[in-house]
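What follows is the content of input.txt (compact mmCIF, C-alpha atoms).
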# COMPACT_ATOMS: atom_id res chain seq x y z
CA MET A 1 148.19 88.91 113.55
CA LYS A 2 146.92 92.31 114.66
CA ASN A 3 145.55 93.01 111.17
CA ILE A 4 143.78 89.64 111.12
CA ILE A 5 142.06 90.39 114.44
CA PHE A 6 141.13 93.85 113.14
CA PHE A 7 139.36 92.53 110.03
CA ILE A 8 137.67 89.68 111.91
CA THR A 9 136.31 92.21 114.41
CA LEU A 10 135.20 94.49 111.58
CA PHE A 11 133.36 91.60 109.90
CA ILE A 12 131.60 90.66 113.15
CA SER A 13 130.64 94.31 113.73
CA LEU A 14 129.07 94.55 110.29
CA VAL A 15 126.99 91.37 110.54
CA VAL A 16 125.61 91.50 114.08
CA VAL A 17 124.04 94.94 113.89
CA LYS A 18 120.89 95.77 111.99
CA PRO A 19 120.66 98.60 109.40
CA ASP A 20 117.62 100.35 110.83
CA TYR A 21 118.37 103.81 109.51
CA ALA A 22 118.40 104.93 105.90
CA GLN A 23 121.10 106.89 104.12
CA ASN A 24 119.39 110.24 104.62
CA PHE A 25 119.79 110.29 108.39
CA PHE A 26 122.19 113.28 108.48
CA GLU A 27 122.53 116.63 106.79
CA GLU A 28 125.83 118.44 106.33
CA ILE A 29 126.40 121.76 108.08
CA ILE A 30 128.75 123.99 106.11
CA MET A 31 131.81 125.22 108.01
CA PRO A 32 134.23 127.97 106.97
CA ASP A 33 136.80 126.83 104.40
CA THR A 34 139.62 127.41 106.87
CA ALA A 35 138.06 125.29 109.65
CA PHE A 36 139.69 122.02 110.69
CA LEU A 37 137.51 120.61 113.48
CA ARG A 38 139.34 119.13 116.47
CA CYS A 39 136.70 119.35 119.23
CA MET A 40 133.15 120.60 119.74
CA ALA A 41 130.59 121.47 122.43
CA ILE A 42 126.98 122.71 122.54
CA ASN A 43 125.54 124.85 125.33
CA GLU A 44 122.02 124.73 126.78
CA GLU A 45 120.86 127.49 124.42
CA GLY A 46 121.86 125.40 121.41
CA ASP A 47 124.91 127.44 120.41
CA LEU A 48 127.65 125.30 118.87
CA PHE A 49 131.35 125.88 119.55
CA ILE A 50 134.10 124.12 117.62
CA GLY A 51 137.82 124.12 118.21
CA THR A 52 139.72 124.36 114.96
CA GLY A 53 143.40 124.16 114.08
CA GLY A 54 146.17 121.95 112.78
CA ASN A 55 146.58 121.09 109.11
CA ASN A 56 148.94 124.09 108.84
CA THR A 57 146.27 126.54 109.96
CA ILE A 58 146.19 128.90 112.93
CA GLY A 59 143.85 127.58 115.57
CA GLY A 60 140.78 129.23 117.01
CA ILE A 61 137.32 128.78 118.46
CA LEU A 62 134.30 129.29 116.22
CA ARG A 63 130.69 129.82 117.29
CA LEU A 64 127.48 129.05 115.42
CA GLN A 65 124.53 130.43 117.36
CA LYS A 66 121.26 128.52 117.28
CA GLY A 67 119.17 129.47 114.27
CA SER A 68 122.04 131.26 112.56
CA GLU A 69 124.01 130.28 109.47
CA THR A 70 126.87 132.70 110.20
CA TRP A 71 130.03 131.45 111.88
CA GLU A 72 131.87 133.80 114.23
CA THR A 73 135.49 133.56 115.34
CA VAL A 74 135.35 134.14 119.09
CA TYR A 75 138.99 133.31 119.90
CA SER A 76 142.22 133.08 117.89
CA TYR A 77 145.39 131.31 118.99
CA ASN A 78 148.89 132.45 118.23
CA SER A 79 150.98 130.71 115.60
CA ARG A 80 149.95 127.08 114.89
CA ASN A 81 148.49 126.37 118.32
CA SER A 82 144.96 125.05 118.66
CA PRO A 83 142.37 123.83 121.18
CA LEU A 84 142.39 120.13 122.04
CA CYS A 85 139.19 119.99 124.08
CA LEU A 86 136.09 122.10 124.67
CA GLU A 87 133.88 121.62 127.73
CA ILE A 88 130.95 123.59 129.13
CA ALA A 89 130.36 123.69 132.89
CA ASP A 90 126.93 123.53 134.53
CA ASN A 91 126.99 127.31 135.06
CA GLY A 92 127.57 127.91 131.33
CA ASP A 93 131.27 128.75 131.54
CA ILE A 94 133.15 127.48 128.48
CA TYR A 95 136.63 125.99 128.95
CA ALA A 96 139.10 125.29 126.16
CA GLY A 97 142.23 123.25 126.76
CA GLY A 98 145.00 123.50 124.21
CA ASN A 99 148.64 123.12 123.23
CA SER A 100 149.61 126.77 123.49
CA ALA A 101 152.22 127.36 126.16
CA ALA A 102 150.76 130.78 126.91
CA HIS A 103 147.14 129.63 126.91
CA TYR A 104 146.92 126.01 128.07
CA LEU A 105 143.49 126.65 129.59
CA ILE A 106 141.15 129.54 128.78
CA LYS A 107 137.62 130.33 129.96
CA SER A 108 134.65 132.37 128.79
CA SER A 109 131.78 133.34 131.09
CA ASP A 110 129.81 135.29 128.47
CA ASN A 111 129.10 132.71 125.77
CA GLY A 112 132.41 133.22 124.02
CA GLU A 113 132.36 137.01 123.76
CA SER A 114 135.52 137.33 125.86
CA TRP A 115 138.13 134.90 127.19
CA VAL A 116 140.56 134.87 130.10
CA ASP A 117 143.56 132.68 130.82
CA VAL A 118 143.18 130.24 133.70
CA GLU A 119 146.45 129.96 135.58
CA ILE A 120 147.30 126.30 136.10
CA PRO A 121 150.55 124.71 137.31
CA GLY A 122 152.89 122.90 134.95
CA GLY A 123 153.61 123.19 131.26
CA CYS A 124 151.70 120.44 129.46
CA ASN A 125 148.88 120.29 126.96
CA VAL A 126 145.35 120.14 128.37
CA VAL A 127 143.47 117.31 126.65
CA ALA A 128 140.40 116.80 128.86
CA ALA A 129 138.33 118.66 131.46
CA GLU A 130 135.43 117.74 133.72
CA PHE A 131 133.44 119.57 136.38
CA GLN A 132 131.61 118.88 139.64
CA GLY A 133 129.38 121.68 140.82
CA GLY A 134 130.56 125.22 140.25
CA ASP A 135 133.99 125.17 141.87
CA SER A 136 135.55 121.73 141.32
CA ILE A 137 137.45 121.22 138.07
CA MET A 138 139.60 118.30 136.91
CA ILE A 139 141.84 118.59 133.85
CA GLY A 140 143.94 115.92 132.14
CA ARG A 141 147.44 116.46 130.77
CA ASN A 142 149.92 114.26 128.95
CA PRO A 143 153.66 114.55 129.59
CA SER A 144 155.65 111.27 129.77
CA ARG A 145 153.21 110.12 132.48
CA PRO A 146 149.50 110.93 132.71
CA ILE A 147 148.84 113.68 135.23
CA VAL A 148 145.80 115.64 136.31
CA ALA A 149 145.40 119.04 137.90
CA HIS A 150 142.41 119.78 140.07
CA THR A 151 140.85 122.63 141.98
CA THR A 152 137.97 122.66 144.44
CA ASN A 153 137.70 126.43 144.84
CA GLY A 154 137.03 127.66 141.32
CA GLY A 155 140.67 127.82 140.27
CA LEU A 156 142.08 129.82 143.18
CA TYR A 157 144.44 126.95 144.05
CA TRP A 158 145.41 124.01 141.84
CA PHE A 159 147.05 120.70 142.73
CA CYS A 160 148.85 118.26 140.42
CA ASP A 161 148.57 114.49 140.79
CA THR A 162 150.05 111.59 138.83
CA ILE A 163 147.51 108.95 137.84
CA THR A 164 150.09 106.21 137.26
CA SER A 165 153.86 105.96 137.11
CA ILE A 166 153.57 103.80 133.98
CA THR A 167 154.92 105.86 131.10
CA ASN A 168 153.37 106.03 127.62
CA ASN A 169 149.84 106.08 128.99
CA PHE A 170 147.89 109.02 127.58
CA ILE A 171 144.71 110.50 129.06
CA GLU A 172 141.87 110.66 126.53
CA ASP A 173 138.81 111.43 128.65
CA ILE A 174 137.72 112.19 132.23
CA GLU A 175 134.28 111.69 133.79
CA ILE A 176 132.88 112.27 137.30
CA ASN A 177 129.85 110.38 138.60
CA SER A 178 127.17 111.61 140.99
CA GLN A 179 129.14 110.25 143.98
CA GLY A 180 132.17 112.36 143.08
CA GLU A 181 134.26 109.42 141.87
CA VAL A 182 136.61 110.43 139.06
CA TYR A 183 137.42 108.11 136.16
CA ALA A 184 140.15 108.63 133.56
CA CYS A 185 140.67 106.49 130.48
CA MET A 186 144.00 105.88 128.78
CA TYR A 187 145.24 105.52 125.24
CA CYS A 188 148.39 103.40 124.86
CA PHE A 189 150.69 101.69 122.38
CA ASN A 190 152.30 98.94 124.49
CA SER A 191 151.01 95.87 126.30
CA ASP A 192 150.30 96.15 130.05
CA HIS A 193 149.20 99.73 129.44
CA GLY A 194 145.95 101.55 128.85
CA GLY A 195 142.69 100.93 130.70
CA ILE A 196 140.65 102.98 133.15
CA TYR A 197 141.77 104.48 136.46
CA LYS A 198 139.61 105.67 139.34
CA SER A 199 139.96 108.20 142.16
CA ASP A 200 137.73 108.36 145.24
CA ASN A 201 139.29 111.59 146.56
CA PHE A 202 139.08 113.91 143.56
CA GLY A 203 142.45 113.08 142.07
CA GLU A 204 144.69 112.90 145.12
CA SER A 205 145.24 109.17 144.60
CA TRP A 206 144.32 106.72 141.85
CA VAL A 207 143.81 102.97 141.42
CA PHE A 208 143.59 100.87 138.29
CA ASP A 209 139.95 99.97 137.62
CA GLY A 210 140.01 97.68 134.59
CA LEU A 211 140.40 97.06 130.84
CA LEU A 212 144.17 96.65 130.68
CA ASP A 213 145.57 96.68 127.13
CA HIS A 214 142.59 98.62 125.81
CA GLN A 215 143.20 101.85 123.88
CA ILE A 216 140.22 103.70 125.36
CA ALA A 217 139.23 106.92 123.64
CA THR A 218 136.01 107.82 125.45
CA ILE A 219 134.00 107.17 128.63
CA GLU A 220 130.50 108.31 129.61
CA PHE A 221 127.98 107.76 132.43
CA ASN A 222 124.29 107.14 131.86
CA SER A 223 121.54 108.33 134.21
CA LYS A 224 121.74 105.10 136.24
CA GLY A 225 125.43 105.58 137.01
CA ASP A 226 126.64 102.88 134.61
CA LEU A 227 130.01 103.68 133.02
CA PHE A 228 130.45 103.01 129.29
CA SER A 229 133.80 103.02 127.51
CA GLY A 230 134.78 102.91 123.85
CA ASP A 231 137.93 101.25 122.51
CA TYR A 232 139.76 102.69 119.59
CA TYR A 233 141.62 99.41 119.53
CA VAL A 234 143.54 97.00 121.79
CA VAL A 235 147.22 96.14 122.10
CA GLY A 236 146.81 92.54 123.30
CA ASN A 237 144.42 89.69 122.68
CA GLU A 238 141.43 91.49 124.17
CA VAL A 239 138.24 92.13 122.20
CA PRO A 240 137.86 95.79 121.18
CA GLY A 241 134.44 97.30 121.63
CA VAL A 242 132.09 99.23 123.86
CA TYR A 243 132.17 98.05 127.48
CA CYS A 244 129.97 98.77 130.48
CA LYS A 245 130.64 98.74 134.20
CA ALA A 246 127.25 98.71 135.92
CA ALA A 247 126.77 101.09 138.84
CA GLN A 248 126.76 98.27 141.41
CA SER A 249 129.45 96.15 139.73
CA ASP A 250 133.23 95.96 139.71
CA GLU A 251 133.45 94.26 136.31
CA TYR A 252 133.51 95.67 132.80
CA GLU A 253 131.27 93.69 130.43
CA LEU A 254 131.36 93.78 126.62
CA VAL A 255 128.29 95.52 125.18
CA ILE A 256 129.12 95.36 121.46
CA ASP A 257 132.17 94.52 119.38
CA ALA A 258 133.51 97.63 117.67
CA VAL A 259 136.78 99.04 116.41
CA GLY A 260 137.76 102.65 116.07
CA ALA A 261 135.37 104.00 118.72
CA SER A 262 136.28 107.62 119.39
CA ASP A 263 133.28 109.19 121.14
CA ILE A 264 130.12 108.19 123.03
CA VAL A 265 127.10 110.34 123.81
CA ILE A 266 124.07 109.18 125.79
CA THR A 267 120.55 110.52 125.37
CA ASN A 268 118.22 111.46 128.20
CA GLU A 269 116.55 108.09 127.52
CA ASP A 270 119.89 106.28 128.09
CA LYS A 271 120.44 105.30 124.46
CA LEU A 272 124.10 105.36 123.41
CA TYR A 273 125.42 106.73 120.15
CA VAL A 274 128.95 105.59 119.32
CA CYS A 275 131.03 106.87 116.43
CA THR A 276 133.69 104.56 115.02
CA ASP A 277 136.09 104.46 112.08
CA PHE A 278 133.15 103.10 110.13
CA TRP A 279 129.48 103.73 110.99
CA ILE A 280 127.74 105.42 113.89
CA TYR A 281 125.82 102.96 116.08
CA GLY A 282 122.81 103.48 118.31
CA VAL A 283 122.88 101.08 121.27
CA SER A 284 119.97 100.36 123.62
CA ASP A 285 119.41 97.96 126.52
CA TYR A 286 123.10 97.23 127.07
CA GLY A 287 123.60 95.94 123.54
CA GLN A 288 120.36 94.00 123.16
CA SER A 289 119.37 96.41 120.40
CA VAL A 290 121.93 97.91 118.03
CA ASP A 291 121.05 100.22 115.13
CA THR A 292 123.51 101.06 112.38
CA ILE A 293 123.22 104.51 110.82
CA ARG A 294 124.24 103.66 107.27
CA ASP A 295 124.59 107.21 106.08
CA GLU A 296 127.88 107.95 104.35
CA LEU A 297 127.93 111.37 106.00
CA GLY A 298 128.48 109.51 109.28
CA LEU A 299 131.61 107.69 108.14
CA ASN A 300 134.81 108.42 110.09
CA ILE A 301 133.17 110.86 112.49
CA CYS A 302 135.23 111.35 115.67
CA HIS A 303 133.16 113.75 117.80
CA LEU A 304 129.50 113.56 118.87
CA GLU A 305 127.14 115.93 120.69
CA ILE A 306 123.38 115.97 121.41
CA ASP A 307 121.67 119.33 121.78
CA ASN A 308 118.70 120.09 124.03
CA ASP A 309 116.33 119.74 121.08
CA GLY A 310 117.42 116.12 120.72
CA TYR A 311 119.48 116.45 117.52
CA LEU A 312 122.63 114.37 117.11
CA TRP A 313 125.70 116.27 115.86
CA GLY A 314 128.92 114.80 114.54
CA GLY A 315 132.18 116.29 113.41
CA HIS A 316 135.67 115.45 112.20
CA GLU A 317 138.29 117.66 110.58
CA LEU A 318 136.58 119.12 107.49
CA ARG A 319 133.04 117.84 108.13
CA LEU A 320 130.16 118.75 110.43
CA ILE A 321 126.83 116.88 110.34
CA ARG A 322 123.51 116.92 112.20
CA SER A 323 120.63 114.44 112.27
CA LYS A 324 117.63 115.55 110.23
CA GLU A 325 115.29 114.58 113.06
CA PRO A 326 115.73 114.44 116.86
CA VAL A 327 117.08 111.14 118.18
CA CYS A 328 115.56 111.56 121.65
CA ILE A 329 112.94 113.48 123.58
CA PRO A 330 114.05 117.12 123.84
CA VAL A 331 114.89 118.51 127.26
CA GLY A 332 111.69 119.96 128.72
CA ILE A 333 109.26 117.41 127.25
CA LYS A 334 108.19 115.05 130.00
CA GLN A 335 107.49 111.40 129.29
CA GLU A 336 105.45 109.82 132.07
CA THR A 337 105.87 106.19 133.01
CA THR A 338 102.66 104.35 132.26
CA GLY A 339 103.36 101.11 134.12
CA ASN A 340 100.53 98.71 133.26
CA LEU A 341 97.86 101.38 132.70
CA LEU A 342 98.19 101.51 128.93
CA ASN A 343 98.90 99.10 126.08
CA ILE A 344 100.00 100.29 122.63
CA HIS A 345 100.64 97.68 119.95
CA PRO A 346 102.30 97.01 117.63
CA ASN A 347 105.16 99.27 118.63
CA PRO A 348 107.15 99.94 116.46
CA SER A 349 104.72 100.07 113.54
CA ASN A 350 104.94 101.46 110.01
CA SER A 351 101.33 102.64 109.97
CA LYS A 352 98.69 101.98 112.63
CA PHE A 353 98.93 101.73 116.43
CA HIS A 354 96.18 100.26 118.61
CA VAL A 355 95.78 102.05 121.96
CA GLU A 356 94.05 100.17 124.77
CA SER A 357 93.28 101.36 128.30
CA LEU A 358 94.12 98.82 131.00
CA ILE A 359 92.22 100.65 133.73
CA ASN A 360 88.49 100.85 134.28
CA GLU A 361 88.16 104.25 132.61
CA ASN A 362 87.29 105.33 129.10
CA ILE A 363 89.71 107.47 127.12
CA ASN A 364 88.58 111.07 126.73
CA ASN A 365 91.02 112.15 124.04
CA ILE A 366 94.40 111.36 122.53
CA LYS A 367 97.16 113.73 121.41
CA ILE A 368 100.23 112.79 119.37
CA PHE A 369 103.34 115.00 119.63
CA ASP A 370 106.53 114.99 117.59
CA LEU A 371 109.81 115.38 119.45
CA LYS A 372 109.73 119.15 118.95
CA GLY A 373 106.57 119.30 121.05
CA ASN A 374 104.23 119.99 118.13
CA THR A 375 100.76 118.39 118.20
CA ILE A 376 100.38 116.42 114.96
CA ILE A 377 97.16 114.51 115.76
CA GLN A 378 94.36 115.12 118.24
CA ILE A 379 91.39 112.74 118.60
CA ASN A 380 88.56 114.09 120.78
CA SER A 381 85.34 112.65 122.28
CA ILE A 382 86.48 109.04 122.22
CA ASN A 383 84.59 107.75 125.30
CA ASN A 384 85.89 104.26 124.74
CA ARG A 385 88.66 102.12 126.19
CA SER A 386 90.48 101.66 122.88
CA GLU A 387 91.33 103.60 119.74
CA THR A 388 93.44 103.15 116.59
CA ILE A 389 96.00 105.78 115.55
CA ASP A 390 97.07 106.00 111.91
CA LEU A 391 100.55 107.46 111.32
CA SER A 392 100.99 106.10 107.80
CA GLU A 393 101.20 109.61 106.35
CA PHE A 394 103.87 110.78 108.80
CA ALA A 395 107.64 110.43 108.62
CA ALA A 396 109.44 107.60 110.36
CA GLY A 397 110.67 108.54 113.80
CA THR A 398 109.75 108.78 117.47
CA TYR A 399 106.49 110.29 118.70
CA ILE A 400 104.79 110.78 122.07
CA VAL A 401 101.22 109.55 122.65
CA GLN A 402 99.35 111.40 125.41
CA ILE A 403 96.20 109.69 126.72
CA ASN A 404 93.75 111.77 128.74
CA TYR A 405 91.42 109.93 131.11
CA PRO A 406 88.79 111.59 133.32
CA SER A 407 91.05 111.23 136.37
CA GLN A 408 94.60 111.30 134.98
CA THR A 409 96.91 111.68 131.99
CA GLN A 410 99.40 109.10 130.73
CA SER A 411 101.98 109.25 127.96
CA GLN A 412 104.15 106.78 126.12
CA LYS A 413 106.76 106.81 123.36
CA ILE A 414 105.96 105.11 120.05
CA ILE A 415 108.19 104.50 117.05
CA LYS A 416 106.96 104.91 113.49
CA SER A 417 109.17 102.64 111.38
CA MET A 418 110.02 102.86 107.70
CA PRO A 419 107.31 101.43 105.34

Representation of the structure as structure tokens:
Amino acid sequence: MKNIIFFITLFISLVVVKPDYAQNFFEEIIMPDTAFLRCMAINEEGDLFIGTGGNNTIGGILRLQKGSETWETVYSYNSRNSPLCLEIADNGDIYAGGNSAAHYLIKSSDNGESWVDVEIPGGCNVVAAEFQGGDSIMIGRNPSRPIVAHTTNGGLYWFCDTITSITNNFIEDIEINSQGEVYACMYCFNSDHGGIYKSDNFGESWVFDGLLDHQIATIEFNSKGDLFSGDYYVVGNEVPGVYCKAAQSDEYELVIDAVGASDIVITNEDKLYVCTDFWIYGVSDYGQSVDTIRDELGLNICHLEIDNDGYLWGGHELRLIRSKEPVCIPVGIKQETTGNLLNIHPNPSNSKFHVESLINENINNIKIFDLKGNTIIQINSINNRSETIDLSEFAAGTYIVQINYPSQTQSQKIIKSMP
């Protein structure tokens, strides 16, 4: 019966989404032959760190600095131990949790040049870490019952707390919202297990929050405070997929059907990218728009990251990929809300866009930027309330239109679709 549900869900997933992206969406980034990717993280400077190990290889942490093609080994584990999670705090400190009894949690404060052991209580693998401010850290561990350890003074003192007394629940991810509420999602193998738990007092006590019988591999907050979760699968009669608990709601609502979800990243425009056992999906407007990235390089990807230039990265075991173009506006490029001051149609378009001013002012000039901030078109001395922009010679993707009036400047995102 479980296999029947699996294939029915797979069929639904393949027919309800639209194949908006071509097969050349990603490019492969070559890793060292000995690398076996288990986790990854990107810092604000664009340097990529991957945790490697398993597959009968000695584990370590590798670094690929932005603009470089040379991988560096910045940390090596003893024997067959390896990192299980990599997280970067707001202050740039890099934390690696692992399965090495001598080095369950290590930290680097100099971009990986040197590492120190972080003394934490207990003797269990560290599988997840999350931060609030500079001094509060929450880590997840998996003995027979899911436990967390937390500190609020930068690691000077740690405290251990049990999330639930139900055994065979396994922490997969931890997230903290802007109000300081902590959420932990569970992987499970038995009915009446799994789901999401919540703490209002930074881990001292926990309550069940929802999605019982869901094998949840990943959770993530968007900028509005909505919590999204991804099911790897379910152990009951529930529908596996991506769910959302809105910021002002107590209920988890299905966003899209999906199986094999293992990671979610959210852009600065609140678009979700979800990797599954099959394709990678782009999800907008709470599931009202779903794009399928039908690029074979994206098959069976388990880890996702977005860098500050807007590029989408994916990795799993022997493969590392990156989108050929940014998937969102890079950090540092401001998109102003135009309200009802500007009308651009059609949008998306595969060639021409008609720009019309909705205020009683003529347009002075128009600039078109790509997502790297480069000016690709500039139209001067318009002195009219409308203009047509022709992007037929440019690649499909997202662009920013900047409209300069005598009294103000407005900007809006446009999408150039495939011909």

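Minimum distance to Pro83 (chain A) across A:Lys245, A:Lys107, A:Glu69, A:Gly260 (counting all atoms listed in the file) occurs at A:Lys107.
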
Discussion item. Nearest residue to Leu64 (chain A) out of A:Tyr77, A:Trp115, A:Phe25, A:Phe49, using only C-alpha atoms?
Written reply: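 Residue with the minimum atom-to-atom distance to Leu64 (chain A): A:Phe49.
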
Worksheet item: Within 8 Å of (152.8, 127.4, 128.4), in the coordinates the file gives, what residues turn up when you count all atoms listed in the file, written out as a PyMOL selection string?
Response: chain A and resi 99-104+122-124

Worksheet entry | Long-range neighbours of Ala129 (chain A) as a ChimeraX atom specification, 9 Å cut-off, all atoms listed in the file, 3 positions minimum in chain | /A:85-87,95-97,126,137-140,173-175

Fill in: Nearest to Asn374 (chain A) by atom-to-atom distance, counting all atoms listed in the file, from A:Pro330, A:Val259, A:Ser392, A:Leu227
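When distances to Asn374 (chain A) are compared using all atoms listed in the file, the smallest one comes from A:Pro330.
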
Item to complete: Would you mind reading off the distance between CA of Leu211 (chain A) and CA of Glu253 (chain A), one decimal, in Å?
Response: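 Between CA of Leu211 (chain A) and CA of Glu253 (chain A) the gap is 9.7 Å.
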
Generate the coordinates of N, CA and C atoms for region 81-95 of chain A; report them as a PDB file, keeping the file's coordinate frame.
ATOM      1  N   ASN A  81     149.119 127.018 117.167  1.00  0.00           N
ATOM      2  CA  ASN A  81     148.490 126.370 118.320  1.00  0.00           C
ATOM      3  C   ASN A  81     146.993 126.228 118.098  1.00  0.00           C
ATOM      4  N   SER A  82     146.386 125.310 118.858  1.00  0.00           N
ATOM      5  CA  SER A  82     144.960 125.050 118.660  1.00  0.00           C
ATOM      6  C   SER A  82     144.359 124.435 119.911  1.00  0.00           C
ATOM      7  N   PRO A  83     143.037 124.491 120.057  1.00  0.00           N
ATOM      8  CA  PRO A  83     142.370 123.830 121.180  1.00  0.00           C
ATOM      9  C   PRO A  83     142.343 122.320 120.974  1.00  0.00           C
ATOM     10  N   LEU A  84     142.459 121.587 122.076  1.00  0.00           N
ATOM     11  CA  LEU A  84     142.390 120.130 122.040  1.00  0.00           C
ATOM     12  C   LEU A  84     141.110 119.598 122.663  1.00  0.00           C
ATOM     13  N   CYS A  85     140.457 120.405 123.491  1.00  0.00           N
ATOM     14  CA  CYS A  85     139.190 119.990 124.080  1.00  0.00           C
ATOM     15  C   CYS A  85     138.352 121.225 124.392  1.00  0.00           C
ATOM     16  N   LEU A  86     137.048 121.063 124.306  1.00  0.00           N
ATOM     17  CA  LEU A  86     136.090 122.100 124.670  1.00  0.00           C
ATOM     18  C   LEU A  86     135.073 121.484 125.612  1.00  0.00           C
ATOM     19  N   GLU A  87     134.854 122.124 126.757  1.00  0.00           N
ATOM     20  CA  GLU A  87     133.880 121.620 127.730  1.00  0.00           C
ATOM     21  C   GLU A  87     133.091 122.794 128.289  1.00  0.00           C
ATOM     22  N   ILE A  88     131.816 122.553 128.580  1.00  0.00           N
ATOM     23  CA  ILE A  88     130.950 123.590 129.130  1.00  0.00           C
ATOM     24  C   ILE A  88     130.476 123.160 130.509  1.00  0.00           C
ATOM     25  N   ALA A  89     130.733 123.995 131.516  1.00  0.00           N
ATOM     26  CA  ALA A  89     130.360 123.690 132.890  1.00  0.00           C
ATOM     27  C   ALA A  89     128.863 123.903 133.093  1.00  0.00           C
ATOM     28  N   ASP A  90     128.364 123.416 134.236  1.00  0.00           N
ATOM     29  CA  ASP A  90     126.930 123.530 134.530  1.00  0.00           C
ATOM     30  C   ASP A  90     126.473 124.988 134.583  1.00  0.00           C
ATOM     31  N   ASN A  91     127.371 125.894 134.972  1.00  0.00           N
ATOM     32  CA  ASN A  91     126.990 127.310 135.060  1.00  0.00           C
ATOM     33  C   ASN A  91     127.122 128.036 133.724  1.00  0.00           C
ATOM     34  N   GLY A  92     127.462 127.311 132.655  1.00  0.00           N
ATOM     35  CA  GLY A  92     127.570 127.910 131.330  1.00  0.00           C
ATOM     36  C   GLY A  92     128.955 128.369 130.944  1.00  0.00           C
ATOM     37  N   ASP A  93     129.906 128.365 131.878  1.00  0.00           N
ATOM     38  CA  ASP A  93     131.270 128.750 131.540  1.00  0.00           C
ATOM     39  C   ASP A  93     131.847 127.762 130.516  1.00  0.00           C
ATOM     40  N   ILE A  94     132.554 128.291 129.532  1.00  0.00           N
ATOM     41  CA  ILE A  94     133.150 127.480 128.480  1.00  0.00           C
ATOM     42  C   ILE A  94     134.656 127.403 128.731  1.00  0.00           C
ATOM     43  N   TYR A  95     135.193 126.200 128.758  1.00  0.00           N
ATOM     44  CA  TYR A  95     136.630 125.990 128.950  1.00  0.00           C
ATOM     45  C   TYR A  95     137.211 125.366 127.684  1.00  0.00           C
TER      46      TYR A  95
END
